[in-house]
Amino acid sequence: MTKTVACDRDGARLDAFLSESLPELSRSFIAGLIDSGSVTLRGKKLKKSYKTAAGDMFSLDLPEPRELEVSAENIPLDIVFEDSDVIVVNKPKGMVVHPAPGHSGGTLVNALLNHCGDSLSGINGIIRPGIVHRIDKDTSGLIIAAKNDAAHKFLADQLKDHSLSRVYEAVLVGNLREDSGTVDAPIGRHPTDRKKQAVTEKNSREAVTHWEVIARYPGFTHARMRLETGRTHQIRVHMAYIGHPVLGDTVYGSKKPWPGLEGQCLHAKKLRFIHPATKEPVELECGLPDYFIKVLKSL
């Protein structure tokens, strides 16, 4: 299958531009396409570092969908919303979203395959069927999956134009000076640690997080964040960047875990999107999980 992408800007890295233009495809998947020679311009194969020019028309030779190789597993799901087009799940802390090296089973995808059968979109391939966006393993809360390719594309377009709204709550280390604010700082791969993200001007993408204080505690802040963009680890990176990392985040904050807390205290609480079939807004919310409430009580 061939896909054509028109370019509207000068000087962007090819892999970064295509990742931004095609949010339904992972950046690693796009990088693999480029490396294999499956991305061309006027018949010429390109490198990831190619600098775009306005008017470029890129051709992507996408592989045909393969038979699903990830197994279905009977894992209970906390389903917040479901119909023939989408399913929204309240993901527990500790659950990986999709299979990866070291996590071949027990993931949200394994559970969705058991619950939904064949009715998941194939846009993201055999490893991430239906997955429109991700949340980290140790982040809890709402995540949406698409049951067909048309719904997936419609939802991905909302991610791209920032109309799919996601609101999180977190416990932050330290006391924020103001009651609300915005972090507008580009995020890209960390210059020395490839497993991390960082605020950087090099090979980065726009990232905007709006925050407001819910409650203050001695040395800590309970805050709400609304994502305007959806970069990898965005809230964790942005909050650490302004000096208030998410409590329990041993990657971007203190290396010492918070007693009784595995991973960061971060919960995807609200989700708002336009339904792909009805074109009506859908607003969903889930309560704070037990681990989060326990942390607040301890403070």
# chains A, B, ... in the order shown; residues from 1 in each chain; ligands from 1
>>> residues_around(residues="stretch 165-173 of chain A", least_positions_apart="4", cutoff="6 Å", atoms="only C-alpha atoms", output="MDAnalysis selection string")
chainID A and resid 220:227 244:247 265:272
>>> select_by_dssp(residues="stretch 8-133 of chain A", states="alpha helix (DSSP H)", output="list in words")
Leu14, Asp15, Ala16, Phe17, Leu18, Ser19, Glu20, Ser21, Arg27, Ser28, Phe29, Ile30, Ala31, Gly32, Leu33, Ile34, Asp35, Leu108, Val109, Asn110, Ala111, Leu112, Leu113, Asn114, His115 and Cys116 of chain A
>>> closest_residue(among="A:Pro191, A:Gly141, A:Gly130, A:Gly181", to="A:Glu212", atoms="only C-alpha atoms")
A:Gly181
>>> select_by_dssp(residues="stretch 76-216 of chain A", states="strand (DSSP E)", output="CSV table (one decimal) with N, CA and C atoms, in the first residue's frame")
chain,number,residue,atom,x,y,z
A,79,ILE,N,-13.6,-1.2,31.7
A,79,ILE,CA,-14.1,-0.5,30.5
A,79,ILE,C,-15.0,0.7,30.9
A,80,VAL,N,-14.6,1.9,30.4
A,80,VAL,CA,-15.4,3.1,30.8
A,80,VAL,C,-16.4,3.4,29.7
A,81,PHE,N,-16.0,3.1,28.4
A,81,PHE,CA,-16.9,3.3,27.3
A,81,PHE,C,-16.6,2.3,26.2
A,82,GLU,N,-17.6,1.9,25.5
A,82,GLU,CA,-17.4,1.0,24.4
A,82,GLU,C,-18.6,1.0,23.4
A,86,VAL,N,-15.1,2.5,19.1
A,86,VAL,CA,-14.0,2.7,20.0
A,86,VAL,C,-14.3,2.0,21.3
A,87,ILE,N,-13.2,1.8,22.1
A,87,ILE,CA,-13.3,1.3,23.4
A,87,ILE,C,-12.3,2.2,24.3
A,88,VAL,N,-12.8,2.6,25.4
A,88,VAL,CA,-11.9,3.4,26.4
A,88,VAL,C,-11.8,2.6,27.6
A,89,VAL,N,-10.6,2.4,28.1
A,89,VAL,CA,-10.3,1.6,29.2
A,89,VAL,C,-9.5,2.4,30.3
A,90,ASN,N,-9.9,2.1,31.5
A,90,ASN,CA,-9.1,2.7,32.7
A,90,ASN,C,-8.0,1.8,33.0
A,91,LYS,N,-6.8,2.1,32.4
A,91,LYS,CA,-5.6,1.2,32.6
A,91,LYS,C,-5.0,1.3,34.0
A,140,SER,N,-1.5,5.4,35.4
A,140,SER,CA,-2.8,4.8,35.3
A,140,SER,C,-3.8,5.7,34.6
A,141,GLY,N,-4.9,5.2,34.2
A,141,GLY,CA,-6.0,6.0,33.7
A,141,GLY,C,-6.5,5.7,32.3
A,142,LEU,N,-7.2,6.7,31.7
A,142,LEU,CA,-7.9,6.5,30.4
A,142,LEU,C,-7.1,6.4,29.2
A,143,ILE,N,-7.4,5.4,28.4
A,143,ILE,CA,-6.7,5.2,27.1
A,143,ILE,C,-7.7,4.7,26.1
A,144,ILE,N,-7.7,5.2,24.9
A,144,ILE,CA,-8.6,4.9,23.9
A,144,ILE,C,-8.0,4.0,22.8
A,145,ALA,N,-8.8,3.1,22.3
A,145,ALA,CA,-8.4,2.2,21.2
A,145,ALA,C,-9.5,2.2,20.2
A,146,ALA,N,-9.1,2.0,18.9
A,146,ALA,CA,-10.0,2.1,17.8
A,146,ALA,C,-10.3,0.7,17.3
A,165,SER,N,-8.8,15.9,23.8
A,165,SER,CA,-8.4,16.5,25.1
A,165,SER,C,-8.1,15.4,26.1
A,166,ARG,N,-6.9,15.5,26.8
A,166,ARG,CA,-6.5,14.6,27.8
A,166,ARG,C,-6.1,15.4,29.1
A,167,VAL,N,-6.7,15.1,30.2
A,167,VAL,CA,-6.4,15.8,31.4
A,167,VAL,C,-5.9,14.8,32.4
A,168,TYR,N,-4.8,15.1,33.1
A,168,TYR,CA,-4.1,14.2,34.0
A,168,TYR,C,-4.1,14.9,35.4
A,169,GLU,N,-3.9,14.1,36.4
A,169,GLU,CA,-3.6,14.6,37.8
A,169,GLU,C,-2.3,13.9,38.2
A,170,ALA,N,-1.6,14.7,39.0
A,170,ALA,CA,-0.3,14.2,39.5
A,170,ALA,C,0.0,14.8,40.9
A,171,VAL,N,0.9,14.1,41.6
A,171,VAL,CA,1.5,14.7,42.8
A,171,VAL,C,2.9,15.1,42.4
A,172,LEU,N,3.2,16.4,42.6
A,172,LEU,CA,4.5,16.9,42.2
A,172,LEU,C,5.4,17.2,43.4
A,173,VAL,N,6.7,17.0,43.2
A,173,VAL,CA,7.6,17.3,44.3
A,173,VAL,C,7.8,18.8,44.4
A,180,SER,N,-1.4,28.5,38.5
A,180,SER,CA,-1.5,27.8,37.2
A,180,SER,C,-0.4,28.4,36.3
A,181,GLY,N,-0.3,27.7,35.2
A,181,GLY,CA,0.7,28.1,34.2
A,181,GLY,C,0.8,27.2,33.1
A,182,THR,N,1.7,27.4,32.2
A,182,THR,CA,1.9,26.6,31.0
A,182,THR,C,3.4,26.4,30.7
A,183,VAL,N,3.8,25.2,30.4
A,183,VAL,CA,5.1,24.9,30.0
A,183,VAL,C,5.1,24.7,28.5
A,184,ASP,N,5.8,25.6,27.8
A,184,ASP,CA,5.9,25.5,26.3
A,184,ASP,C,7.3,25.3,26.0
A,187,ILE,N,10.3,19.0,23.0
A,187,ILE,CA,10.8,17.7,23.6
A,187,ILE,C,11.3,16.9,22.5
A,188,GLY,N,12.5,16.3,22.7
A,188,GLY,CA,13.1,15.4,21.8
A,188,GLY,C,13.9,14.3,22.5
A,189,ARG,N,14.6,13.5,21.8
A,189,ARG,CA,15.4,12.4,22.4
A,189,ARG,C,16.5,13.1,23.3
A,197,GLN,N,13.7,11.1,27.3
A,197,GLN,CA,13.3,12.3,26.5
A,197,GLN,C,13.9,13.5,27.3
A,198,ALA,N,13.9,14.7,26.6
A,198,ALA,CA,14.4,15.9,27.3
A,198,ALA,C,13.9,17.1,26.6
A,199,VAL,N,13.9,18.2,27.3
A,199,VAL,CA,13.6,19.5,26.6
A,199,VAL,C,14.9,19.9,25.9
A,204,SER,N,13.7,18.1,17.9
A,204,SER,CA,12.6,18.1,18.9
A,204,SER,C,11.3,18.4,18.2
A,205,ARG,N,10.2,18.3,19.0
A,205,ARG,CA,8.9,18.7,18.5
A,205,ARG,C,8.2,19.5,19.5
A,208,VAL,N,3.5,21.3,24.6
A,208,VAL,CA,2.8,22.3,25.5
A,208,VAL,C,2.0,21.6,26.5
A,209,THR,N,2.2,21.9,27.8
A,209,THR,CA,1.5,21.4,28.9
A,209,THR,C,0.9,22.5,29.8
A,210,HIS,N,-0.4,22.5,30.0
A,210,HIS,CA,-1.0,23.5,30.9
A,210,HIS,C,-1.3,22.8,32.2
A,211,TRP,N,-1.0,23.6,33.3
A,211,TRP,CA,-1.1,23.0,34.6
A,211,TRP,C,-1.8,24.0,35.6
A,212,GLU,N,-2.5,23.4,36.6
A,212,GLU,CA,-3.1,24.2,37.7
A,212,GLU,C,-3.0,23.4,39.0
A,213,VAL,N,-2.9,24.1,40.1
A,213,VAL,CA,-2.8,23.5,41.4
A,213,VAL,C,-4.2,23.1,41.9
A,214,ILE,N,-4.3,21.9,42.4
A,214,ILE,CA,-5.6,21.4,43.0
A,214,ILE,C,-5.5,21.6,44.5
A,215,ALA,N,-4.3,21.2,45.1
A,215,ALA,CA,-4.1,21.3,46.6
A,215,ALA,C,-2.6,21.4,46.8
A,216,ARG,N,-2.3,22.0,48.0
A,216,ARG,CA,-0.9,22.1,48.4
A,216,ARG,C,-0.7,21.3,49.7
>>> residues_around(residues="A:Ala31", least_positions_apart="3", cutoff="8 Å", atoms="only C-alpha atoms", output="MDAnalysis selection string")
chainID A and resid 15 27:28 34:35 48
>>> closest_residue(among="A:Ser71, A:Pro23, A:Ala185, A:Gly243", to="A:Lys153", atoms="only C-alpha atoms")
A:Pro23
>>> residues_around(residues="A:Tyr217", least_positions_apart="5", cutoff="9 Å", atoms="only C-alpha atoms", output="ChimeraX atom specification")
/A:174-175,222,296,299
>>> write_last_selection(atoms="N, CA, C and O atoms", output="mmCIF file, in the first residue's frame")
data_model
loop_
_atom_site.group_PDB
_atom_site.id
_atom_site.type_symbol
_atom_site.label_atom_id
_atom_site.label_comp_id
_atom_site.auth_asym_id
_atom_site.auth_seq_id
_atom_site.Cartn_x
_atom_site.Cartn_y
_atom_site.Cartn_z
ATOM 1 N N GLY A 174 7.672 19.394 45.609
ATOM 2 C CA GLY A 174 7.858 20.829 45.791
ATOM 3 C C GLY A 174 6.551 21.591 45.651
ATOM 4 O O GLY A 174 5.509 21.029 45.292
ATOM 5 N N ASN A 175 6.629 22.889 45.925
ATOM 6 C CA ASN A 175 5.450 23.750 45.851
ATOM 7 C C ASN A 175 5.564 24.711 44.678
ATOM 8 O O ASN A 175 6.502 25.505 44.613
ATOM 9 N N HIS A 222 -0.528 18.750 44.632
ATOM 10 C CA HIS A 222 -1.466 17.965 43.827
ATOM 11 C C HIS A 222 -1.923 18.872 42.684
ATOM 12 O O HIS A 222 -2.477 19.947 42.921
ATOM 13 N N LEU A 296 -2.001 10.743 48.693
ATOM 14 C CA LEU A 296 -2.557 12.013 49.174
ATOM 15 C C LEU A 296 -2.793 11.959 50.689
ATOM 16 O O LEU A 296 -2.506 12.921 51.400
ATOM 17 N N LEU A 299 0.329 12.425 52.690
ATOM 18 C CA LEU A 299 0.884 13.772 52.672
ATOM 19 C C LEU A 299 0.204 14.686 53.697
ATOM 20 O O LEU A 299 0.652 15.804 53.918
#
